[in-house]
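Raw contents of entry31.pdb, PDB, C-alpha atoms:
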ATOM      1  CA  MET G   1      41.398  77.641  85.623  1.00  0.00           C
ATOM      2  CA  LYS G   2      44.317  76.340  83.516  1.00  0.00           C
ATOM      3  CA  THR G   3      43.054  72.735  83.146  1.00  0.00           C
ATOM      4  CA  PRO G   4      39.799  73.581  81.277  1.00  0.00           C
ATOM      5  CA  ILE G   5      41.818  75.756  78.858  1.00  0.00           C
ATOM      6  CA  LEU G   6      44.061  72.776  77.985  1.00  0.00           C
ATOM      7  CA  LYS G   7      41.050  70.507  77.465  1.00  0.00           C
ATOM      8  CA  LEU G   8      39.454  73.054  75.158  1.00  0.00           C
ATOM      9  CA  SER G   9      42.672  73.344  73.139  1.00  0.00           C
ATOM     10  CA  HIS G  10      42.854  69.552  72.629  1.00  0.00           C
ATOM     11  CA  LYS G  11      39.206  69.492  71.594  1.00  0.00           C
ATOM     12  CA  LYS G  12      39.810  72.150  68.980  1.00  0.00           C
ATOM     13  CA  MET G  13      42.825  70.250  67.635  1.00  0.00           C
ATOM     14  CA  ASN G  14      40.840  67.017  67.397  1.00  0.00           C
ATOM     15  CA  ASN G  15      38.049  68.811  65.557  1.00  0.00           C
ATOM     16  CA  LYS G  16      40.577  70.274  63.140  1.00  0.00           C
ATOM     17  CA  LYS G  17      42.115  66.852  62.426  1.00  0.00           C
ATOM     18  CA  LEU G  18      38.670  65.342  61.937  1.00  0.00           C
ATOM     19  CA  GLY G  19      37.740  68.111  59.538  1.00  0.00           C
ATOM     20  CA  THR G  20      40.932  67.595  57.533  1.00  0.00           C
ATOM     21  CA  LEU G  21      40.289  63.859  57.371  1.00  0.00           C
ATOM     22  CA  LEU G  22      36.720  64.356  56.189  1.00  0.00           C
ATOM     23  CA  MET G  23      37.865  66.817  53.526  1.00  0.00           C
ATOM     24  CA  GLY G  24      40.453  64.301  52.324  1.00  0.00           C
ATOM     25  CA  LEU G  25      37.900  61.507  52.101  1.00  0.00           C
ATOM     26  CA  THR G  26      35.461  63.739  50.259  1.00  0.00           C
ATOM     27  CA  LEU G  27      38.137  64.775  47.761  1.00  0.00           C
ATOM     28  CA  SER G  28      39.123  61.119  47.188  1.00  0.00           C
ATOM     29  CA  LEU G  29      35.498  60.171  46.533  1.00  0.00           C
ATOM     30  CA  LEU G  30      35.079  63.049  44.085  1.00  0.00           C
ATOM     31  CA  LEU G  31      38.241  62.106  42.207  1.00  0.00           C
ATOM     32  CA  SER G  32      37.313  58.404  42.036  1.00  0.00           C
ATOM     33  CA  SER G  33      33.847  59.278  40.723  1.00  0.00           C
ATOM     34  CA  CYS G  34      35.453  61.245  37.893  1.00  0.00           C
ATOM     35  CA  ILE G  35      37.546  58.236  36.736  1.00  0.00           C
ATOM     36  CA  THR G  36      35.631  56.108  34.242  1.00  0.00           C
ATOM     37  CA  ARG G  37      36.805  52.831  32.764  1.00  0.00           C
ATOM     38  CA  GLN G  38      36.317  52.472  29.039  1.00  0.00           C
ATOM     39  CA  VAL G  39      36.101  49.152  27.182  1.00  0.00           C
ATOM     40  CA  GLN G  40      36.316  49.052  23.409  1.00  0.00           C
ATOM     41  CA  ARG G  41      35.933  46.010  21.176  1.00  0.00           C
ATOM     42  CA  VAL G  42      38.717  45.640  18.630  1.00  0.00           C
ATOM     43  CA  SER G  43      39.551  43.214  15.842  1.00  0.00           C
ATOM     44  CA  PRO G  44      41.318  40.019  17.019  1.00  0.00           C
ATOM     45  CA  ASP G  45      43.860  40.656  14.237  1.00  0.00           C
ATOM     46  CA  GLN G  46      44.725  44.130  15.527  1.00  0.00           C
ATOM     47  CA  GLN G  47      48.198  44.330  17.040  1.00  0.00           C
ATOM     48  CA  ILE G  48      48.024  45.794  20.552  1.00  0.00           C
ATOM     49  CA  ASP G  49      51.038  45.679  22.857  1.00  0.00           C
ATOM     50  CA  ILE G  50      50.425  47.229  26.283  1.00  0.00           C
ATOM     51  CA  SER G  51      52.791  45.524  28.720  1.00  0.00           C
ATOM     52  CA  GLY G  52      55.438  44.325  26.258  1.00  0.00           C
ATOM     53  CA  ARG G  53      55.027  40.737  27.409  1.00  0.00           C
ATOM     54  CA  TRP G  54      54.389  37.779  25.091  1.00  0.00           C
ATOM     55  CA  ASN G  55      50.864  38.077  23.667  1.00  0.00           C
ATOM     56  CA  SER G  56      48.488  36.669  21.052  1.00  0.00           C
ATOM     57  CA  THR G  57      50.145  38.629  18.243  1.00  0.00           C
ATOM     58  CA  ASP G  58      53.545  37.124  19.070  1.00  0.00           C
ATOM     59  CA  SER G  59      51.990  33.650  19.116  1.00  0.00           C
ATOM     60  CA  LYS G  60      50.376  34.008  15.675  1.00  0.00           C
ATOM     61  CA  ILE G  61      53.386  35.640  14.032  1.00  0.00           C
ATOM     62  CA  THR G  62      55.750  32.994  15.403  1.00  0.00           C
ATOM     63  CA  ALA G  63      53.491  30.078  14.422  1.00  0.00           C
ATOM     64  CA  GLU G  64      53.079  31.316  10.838  1.00  0.00           C
ATOM     65  CA  SER G  65      56.784  32.052  10.453  1.00  0.00           C
ATOM     66  CA  MET G  66      57.894  28.663  11.739  1.00  0.00           C
ATOM     67  CA  ILE G  67      55.364  26.634   9.757  1.00  0.00           C
ATOM     68  CA  ASN G  68      56.516  28.419   6.604  1.00  0.00           C
ATOM     69  CA  GLN G  69      60.096  27.493   7.497  1.00  0.00           C
ATOM     70  CA  ILE G  70      59.183  23.853   8.085  1.00  0.00           C
ATOM     71  CA  LEU G  71      57.272  23.367   4.831  1.00  0.00           C
ATOM     72  CA  MET G  72      59.992  24.979   2.690  1.00  0.00           C
ATOM     73  CA  GLN G  73      62.627  22.427   3.683  1.00  0.00           C
ATOM     74  CA  SER G  74      63.635  19.303   1.729  1.00  0.00           C
ATOM     75  CA  TRP G  75      62.231  16.741   4.224  1.00  0.00           C
ATOM     76  CA  LEU G  76      58.701  17.259   2.878  1.00  0.00           C
ATOM     77  CA  GLU G  77      59.604  16.602  -0.745  1.00  0.00           C
ATOM     78  CA  ASP G  78      61.785  13.632   0.209  1.00  0.00           C
ATOM     79  CA  PHE G  79      58.929  12.039   2.181  1.00  0.00           C
ATOM     80  CA  GLN G  80      56.369  12.551  -0.578  1.00  0.00           C
ATOM     81  CA  LYS G  81      58.664  11.015  -3.167  1.00  0.00           C
ATOM     82  CA  GLY G  82      59.284   7.931  -1.061  1.00  0.00           C
ATOM     83  CA  ASN G  83      55.705   7.417   0.183  1.00  0.00           C
ATOM     84  CA  ASN G  84      53.466   9.065  -2.425  1.00  0.00           C
ATOM     85  CA  ARG G  85      51.253  10.679   0.255  1.00  0.00           C
ATOM     86  CA  LYS G  86      51.100  13.595   2.678  1.00  0.00           C
ATOM     87  CA  PRO G  87      53.087  13.170   5.907  1.00  0.00           C
ATOM     88  CA  VAL G  88      51.156  12.780   9.157  1.00  0.00           C
ATOM     89  CA  LEU G  89      52.266  15.153  11.895  1.00  0.00           C
ATOM     90  CA  VAL G  90      51.553  15.548  15.597  1.00  0.00           C
ATOM     91  CA  VAL G  91      52.387  18.668  17.593  1.00  0.00           C
ATOM     92  CA  GLY G  92      53.947  17.580  20.859  1.00  0.00           C
ATOM     93  CA  LEU G  93      55.178  19.502  23.880  1.00  0.00           C
ATOM     94  CA  VAL G  94      56.351  23.091  23.543  1.00  0.00           C
ATOM     95  CA  SER G  95      57.848  23.839  26.955  1.00  0.00           C
ATOM     96  CA  ASN G  96      57.932  27.322  28.426  1.00  0.00           C
ATOM     97  CA  LYS G  97      61.417  28.170  29.720  1.00  0.00           C
ATOM     98  CA  SER G  98      60.907  31.931  29.592  1.00  0.00           C
ATOM     99  CA  HIS G  99      60.769  34.377  32.506  1.00  0.00           C
ATOM    100  CA  GLU G 100      57.002  34.766  32.336  1.00  0.00           C
ATOM    101  CA  HIS G 101      53.832  32.696  32.182  1.00  0.00           C
ATOM    102  CA  ILE G 102      53.005  31.765  28.580  1.00  0.00           C
ATOM    103  CA  GLU G 103      49.953  29.752  27.620  1.00  0.00           C
ATOM    104  CA  SER G 104      51.633  27.083  25.497  1.00  0.00           C
ATOM    105  CA  ASP G 105      48.241  25.642  24.529  1.00  0.00           C
ATOM    106  CA  ILE G 106      47.442  28.829  22.601  1.00  0.00           C
ATOM    107  CA  PHE G 107      50.741  28.677  20.716  1.00  0.00           C
ATOM    108  CA  ILE G 108      50.289  24.954  19.983  1.00  0.00           C
ATOM    109  CA  SER G 109      46.775  25.677  18.691  1.00  0.00           C
ATOM    110  CA  ASP G 110      48.176  28.389  16.399  1.00  0.00           C
ATOM    111  CA  LEU G 111      50.740  25.901  15.066  1.00  0.00           C
ATOM    112  CA  GLU G 112      48.077  23.256  14.421  1.00  0.00           C
ATOM    113  CA  LYS G 113      45.728  25.711  12.726  1.00  0.00           C
ATOM    114  CA  THR G 114      48.500  26.976  10.456  1.00  0.00           C
ATOM    115  CA  PHE G 115      49.547  23.413   9.571  1.00  0.00           C
ATOM    116  CA  ILE G 116      45.998  22.460   8.562  1.00  0.00           C
ATOM    117  CA  GLY G 117      45.559  25.682   6.613  1.00  0.00           C
ATOM    118  CA  THR G 118      48.484  24.846   4.315  1.00  0.00           C
ATOM    119  CA  GLY G 119      46.884  21.584   3.150  1.00  0.00           C
ATOM    120  CA  LYS G 120      50.341  20.033   2.791  1.00  0.00           C
ATOM    121  CA  VAL G 121      50.259  17.725   5.817  1.00  0.00           C
ATOM    122  CA  ARG G 122      47.796  15.652   7.842  1.00  0.00           C
ATOM    123  CA  LEU G 123      47.488  16.345  11.552  1.00  0.00           C
ATOM    124  CA  VAL G 124      46.565  14.014  14.417  1.00  0.00           C
ATOM    125  CA  GLN G 125      45.679  14.831  18.017  1.00  0.00           C
ATOM    126  CA  ALA G 126      48.166  14.603  20.863  1.00  0.00           C
ATOM    127  CA  GLY G 127      48.238  14.646  24.646  1.00  0.00           C
ATOM    128  CA  ASP G 128      44.989  15.093  26.577  1.00  0.00           C
ATOM    129  CA  LYS G 129      42.890  15.423  23.423  1.00  0.00           C
ATOM    130  CA  ARG G 130      44.109  12.066  22.155  1.00  0.00           C
ATOM    131  CA  GLU G 131      43.386  10.437  25.516  1.00  0.00           C
ATOM    132  CA  GLU G 132      39.869  11.891  25.474  1.00  0.00           C
ATOM    133  CA  LEU G 133      39.287  10.368  22.035  1.00  0.00           C
ATOM    134  CA  ARG G 134      40.487   6.978  23.267  1.00  0.00           C
ATOM    135  CA  SER G 135      38.184   7.249  26.272  1.00  0.00           C
ATOM    136  CA  GLU G 136      35.267   7.968  23.956  1.00  0.00           C
ATOM    137  CA  ARG G 137      36.179   4.963  21.801  1.00  0.00           C
ATOM    138  CA  ALA G 138      36.378   2.760  24.898  1.00  0.00           C
ATOM    139  CA  GLY G 139      32.921   3.893  25.964  1.00  0.00           C
ATOM    140  CA  GLN G 140      31.512   3.041  22.557  1.00  0.00           C
ATOM    141  CA  GLN G 141      32.590  -0.576  22.981  1.00  0.00           C
ATOM    142  CA  ASP G 142      29.948  -0.964  25.699  1.00  0.00           C
ATOM    143  CA  TYR G 143      27.247   1.523  24.751  1.00  0.00           C
ATOM    144  CA  ALA G 144      27.264   2.209  21.000  1.00  0.00           C
ATOM    145  CA  SER G 145      25.371   0.138  18.442  1.00  0.00           C
ATOM    146  CA  LYS G 146      27.262  -2.365  16.294  1.00  0.00           C
ATOM    147  CA  GLU G 147      26.592  -0.248  13.220  1.00  0.00           C
ATOM    148  CA  THR G 148      28.178   2.907  14.669  1.00  0.00           C
ATOM    149  CA  ILE G 149      30.846   1.569  17.038  1.00  0.00           C
ATOM    150  CA  LYS G 150      34.382   2.741  16.250  1.00  0.00           C
ATOM    151  CA  LYS G 151      37.027   0.040  16.148  1.00  0.00           C
ATOM    152  CA  TRP G 152      40.308  -0.089  18.029  1.00  0.00           C
ATOM    153  CA  GLY G 153      43.596  -0.037  16.145  1.00  0.00           C
ATOM    154  CA  GLN G 154      42.441   2.325  13.406  1.00  0.00           C
ATOM    155  CA  GLU G 155      44.282   5.448  14.524  1.00  0.00           C
ATOM    156  CA  LEU G 156      46.380   7.323  12.006  1.00  0.00           C
ATOM    157  CA  GLY G 157      49.976   6.960  13.154  1.00  0.00           C
ATOM    158  CA  ALA G 158      52.149  10.074  13.035  1.00  0.00           C
ATOM    159  CA  ASP G 159      55.228  10.089  10.828  1.00  0.00           C
ATOM    160  CA  PHE G 160      56.734  13.157  12.494  1.00  0.00           C
ATOM    161  CA  ILE G 161      56.421  14.974  15.815  1.00  0.00           C
ATOM    162  CA  LEU G 162      57.011  18.702  16.316  1.00  0.00           C
ATOM    163  CA  GLN G 163      58.497  19.712  19.692  1.00  0.00           C
ATOM    164  CA  GLY G 164      60.246  22.737  21.090  1.00  0.00           C
ATOM    165  CA  SER G 165      60.646  25.415  23.717  1.00  0.00           C
ATOM    166  CA  VAL G 166      60.212  29.139  24.399  1.00  0.00           C
ATOM    167  CA  ASN G 167      63.146  30.957  26.009  1.00  0.00           C
ATOM    168  CA  SER G 168      63.642  34.579  26.986  1.00  0.00           C
ATOM    169  CA  ILE G 169      66.211  37.116  28.172  1.00  0.00           C
ATOM    170  CA  VAL G 170      65.373  40.311  30.075  1.00  0.00           C
ATOM    171  CA  ASP G 171      67.790  43.241  30.036  1.00  0.00           C
ATOM    172  CA  GLY G 172      66.819  46.408  31.884  1.00  0.00           C
ATOM    173  CA  PHE G 173      68.207  49.554  33.466  1.00  0.00           C
ATOM    174  CA  ASN G 174      66.288  52.367  35.139  1.00  0.00           C
ATOM    175  CA  LYS G 175      63.177  52.989  33.005  1.00  0.00           C
ATOM    176  CA  GLU G 176      64.362  51.064  29.943  1.00  0.00           C
ATOM    177  CA  LYS G 177      63.957  47.355  29.269  1.00  0.00           C
ATOM    178  CA  VAL G 178      64.537  44.935  26.406  1.00  0.00           C
ATOM    179  CA  LEU G 179      62.618  41.659  26.221  1.00  0.00           C
ATOM    180  CA  PHE G 180      64.075  38.974  23.969  1.00  0.00           C
ATOM    181  CA  TYR G 181      62.144  35.811  23.096  1.00  0.00           C
ATOM    182  CA  LYS G 182      63.466  32.838  21.151  1.00  0.00           C
ATOM    183  CA  VAL G 183      61.202  29.986  20.062  1.00  0.00           C
ATOM    184  CA  THR G 184      63.023  26.854  18.925  1.00  0.00           C
ATOM    185  CA  LEU G 185      61.262  23.917  17.253  1.00  0.00           C
ATOM    186  CA  GLN G 186      62.440  20.521  16.008  1.00  0.00           C
ATOM    187  CA  LEU G 187      60.690  18.095  13.666  1.00  0.00           C
ATOM    188  CA  THR G 188      61.602  14.465  14.343  1.00  0.00           C
ATOM    189  CA  ASN G 189      60.885  11.228  12.492  1.00  0.00           C
ATOM    190  CA  VAL G 190      58.850   9.129  14.960  1.00  0.00           C
ATOM    191  CA  GLU G 191      60.119   5.803  13.633  1.00  0.00           C
ATOM    192  CA  THR G 192      63.835   6.579  13.362  1.00  0.00           C
ATOM    193  CA  ASN G 193      64.271   9.482  15.872  1.00  0.00           C
ATOM    194  CA  GLU G 194      66.005  11.416  13.092  1.00  0.00           C
ATOM    195  CA  VAL G 195      65.702  15.191  13.379  1.00  0.00           C
ATOM    196  CA  VAL G 196      64.701  16.282   9.875  1.00  0.00           C
ATOM    197  CA  TRP G 197      64.282  19.992  10.585  1.00  0.00           C
ATOM    198  CA  MET G 198      65.241  22.536  13.227  1.00  0.00           C
ATOM    199  CA  GLY G 199      64.477  26.238  13.258  1.00  0.00           C
ATOM    200  CA  ASP G 200      63.833  29.237  15.462  1.00  0.00           C
ATOM    201  CA  LYS G 201      62.022  32.562  15.579  1.00  0.00           C
ATOM    202  CA  GLU G 202      63.278  35.566  17.544  1.00  0.00           C
ATOM    203  CA  ILE G 203      61.248  38.502  18.882  1.00  0.00           C
ATOM    204  CA  LYS G 204      62.793  41.529  20.569  1.00  0.00           C
ATOM    205  CA  LYS G 205      60.873  44.347  22.290  1.00  0.00           C
ATOM    206  CA  TYR G 206      62.187  47.660  23.578  1.00  0.00           C
ATOM    207  CA  ILE G 207      60.151  49.135  26.446  1.00  0.00           C
ATOM    208  CA  ARG G 208      60.567  52.606  27.939  1.00  0.00           C
ATOM    209  CA  ASN G 209      58.441  53.824  30.840  1.00  0.00           C
TER     210      ASN G 209
END
As a first step, turn the structure in this file into structure tokens.
Amino acid sequence: MKTPILKLSHKKMNNKKLGTLLMGLTLSLLLSSCITRQVQRVSPDQQIDISGRWNSTDSKITAESMINQILMQSWLEDFQKGNNRKPVLVVGLVSNKSHEHIESDIFISDLEKTFIGTGKVRLVQAGDKREELRSERAGQQDYASKETIKKWGQELGADFILQGSVNSIVDGFNKEKVLFYKVTLQLTNVETNEVVWMGDKEIKKYIRN
């Protein structure tokens, strides 16, 4: 008579565990159904910093600050006096040496856009974009009409190249963290390799969880 009693006790315990599990799953489903994700469109110029990492606002602020620094220096006036024209610039490699992934193409694009917006320099393409243009010109040699074909050897040569790097330092303890970014750029004379300008922009962020 004892064995059936033990079996019945185990059955009741299993039913109790199953009931608890079902109640837990039901509660989880109810809670998840109450959580709604909201998406709101905002102005691209609005400054929003959620994670504290490098973002589009940092890129724009840094680009504008550094272009202003570049164009205020004496190299520009000296070049215009000696050549009686605007200097031709190319934005080269800006390497990411920071602790996080940074889209350097976005920062380079911000630099180029700011340069053009000043109207004080002329800008030529670099890197992959330049190679794509040369590929297009090569294709025209075989397929374009004589009236519209673009000639070789007519590219606008750059007088100066802008290059640089993005570095960072992370300092944290417990729930506090400081992110420090330093962007350094150099402007170099393509013909002589002379560095005519060097500057930097620093950004520091304090984060507390």
What would the selection look like, as an NGL selection string, if the PyMOL selection byres ((chain G and resi 176) around 12) were run on the coordinates I just shared?
:G and (52 or 170-175 or 177-179 or 205-209)
Up to 12 Å from (41.8, 20.4, 9.9) in the file's coordinates: name the residues, counting only C-alpha atoms, as a compact mmCIF listing (two decimals) with C-alpha atoms, keeping the file's coordinate frame.
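To be explicit, this is the file written out as out.txt:
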# COMPACT_ATOMS: atom_id res chain seq x y z
CA LEU G 89 52.27 15.15 11.90
CA SER G 109 46.78 25.68 18.69
CA LEU G 111 50.74 25.90 15.07
CA GLU G 112 48.08 23.26 14.42
CA LYS G 113 45.73 25.71 12.73
CA THR G 114 48.50 26.98 10.46
CA PHE G 115 49.55 23.41 9.57
CA ILE G 116 46.00 22.46 8.56
CA GLY G 117 45.56 25.68 6.61
CA THR G 118 48.48 24.85 4.32
CA GLY G 119 46.88 21.58 3.15
CA LYS G 120 50.34 20.03 2.79
CA VAL G 121 50.26 17.73 5.82
CA ARG G 122 47.80 15.65 7.84
CA LEU G 123 47.49 16.34 11.55
CA VAL G 124 46.56 14.01 14.42
CA GLN G 125 45.68 14.83 18.02
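Atom CA of G:Lys129 sits 20.4 Å away from atom CA of G:Pro87.
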Pick out the residues sitting within 12 Å of G:Ser59, and hand them over as a PyMOL selection string; count only C-alpha atoms, and ignore anything fewer than 4 positions along from it in its own chain.
chain G and resi 45+47+53-55+63-66+102-111+113-114+166+181-183+201-203
At what distance in Å, to one decimal, does atom CA of G:Leu156 lie from atom CA of G:Arg130?
11.4 Å
Just give me the gap between atom CA of G:Glu147 and atom CA of G:Val90 in Å, one decimal is fine.
29.6 Å
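Proximity of G:Phe180, G:Ser165, G:Lys204, G:Asn189 to G:Lys97, computed with all atoms listed in the file, is greatest for G:Ser165.
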For the structure shown, which residues end up in the PyMOL selection byres ((chain G and resi 71-77) around 10)? Put them as a PyMOL selection string, please?
chain G and resi 66-70+78-82+84+86-87+115+118+120-121+187+195-198
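The closest residue to G:Trp152, picked from G:Leu133, G:Val190, G:Ala126, G:Leu185 and counting all atoms listed in the file, is G:Leu133.
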Around all of stretch 149-152 of chain G's listed atoms, make the axis-aligned box with 6 Å on each side and tell me centre and edge lengths in Å to one decimal, as lines of an AutoDock Vina configuration file.
center_x = 35.6
center_y = 1.3
center_z = 17.1
size_x = 21.5
size_y = 14.8
size_z = 13.9
Min atom-atom distance to G:Thr188 from the set G:Val91, G:Glu131, G:Ala144, G:Thr36, counting all atoms listed in the file, belongs to G:Val91
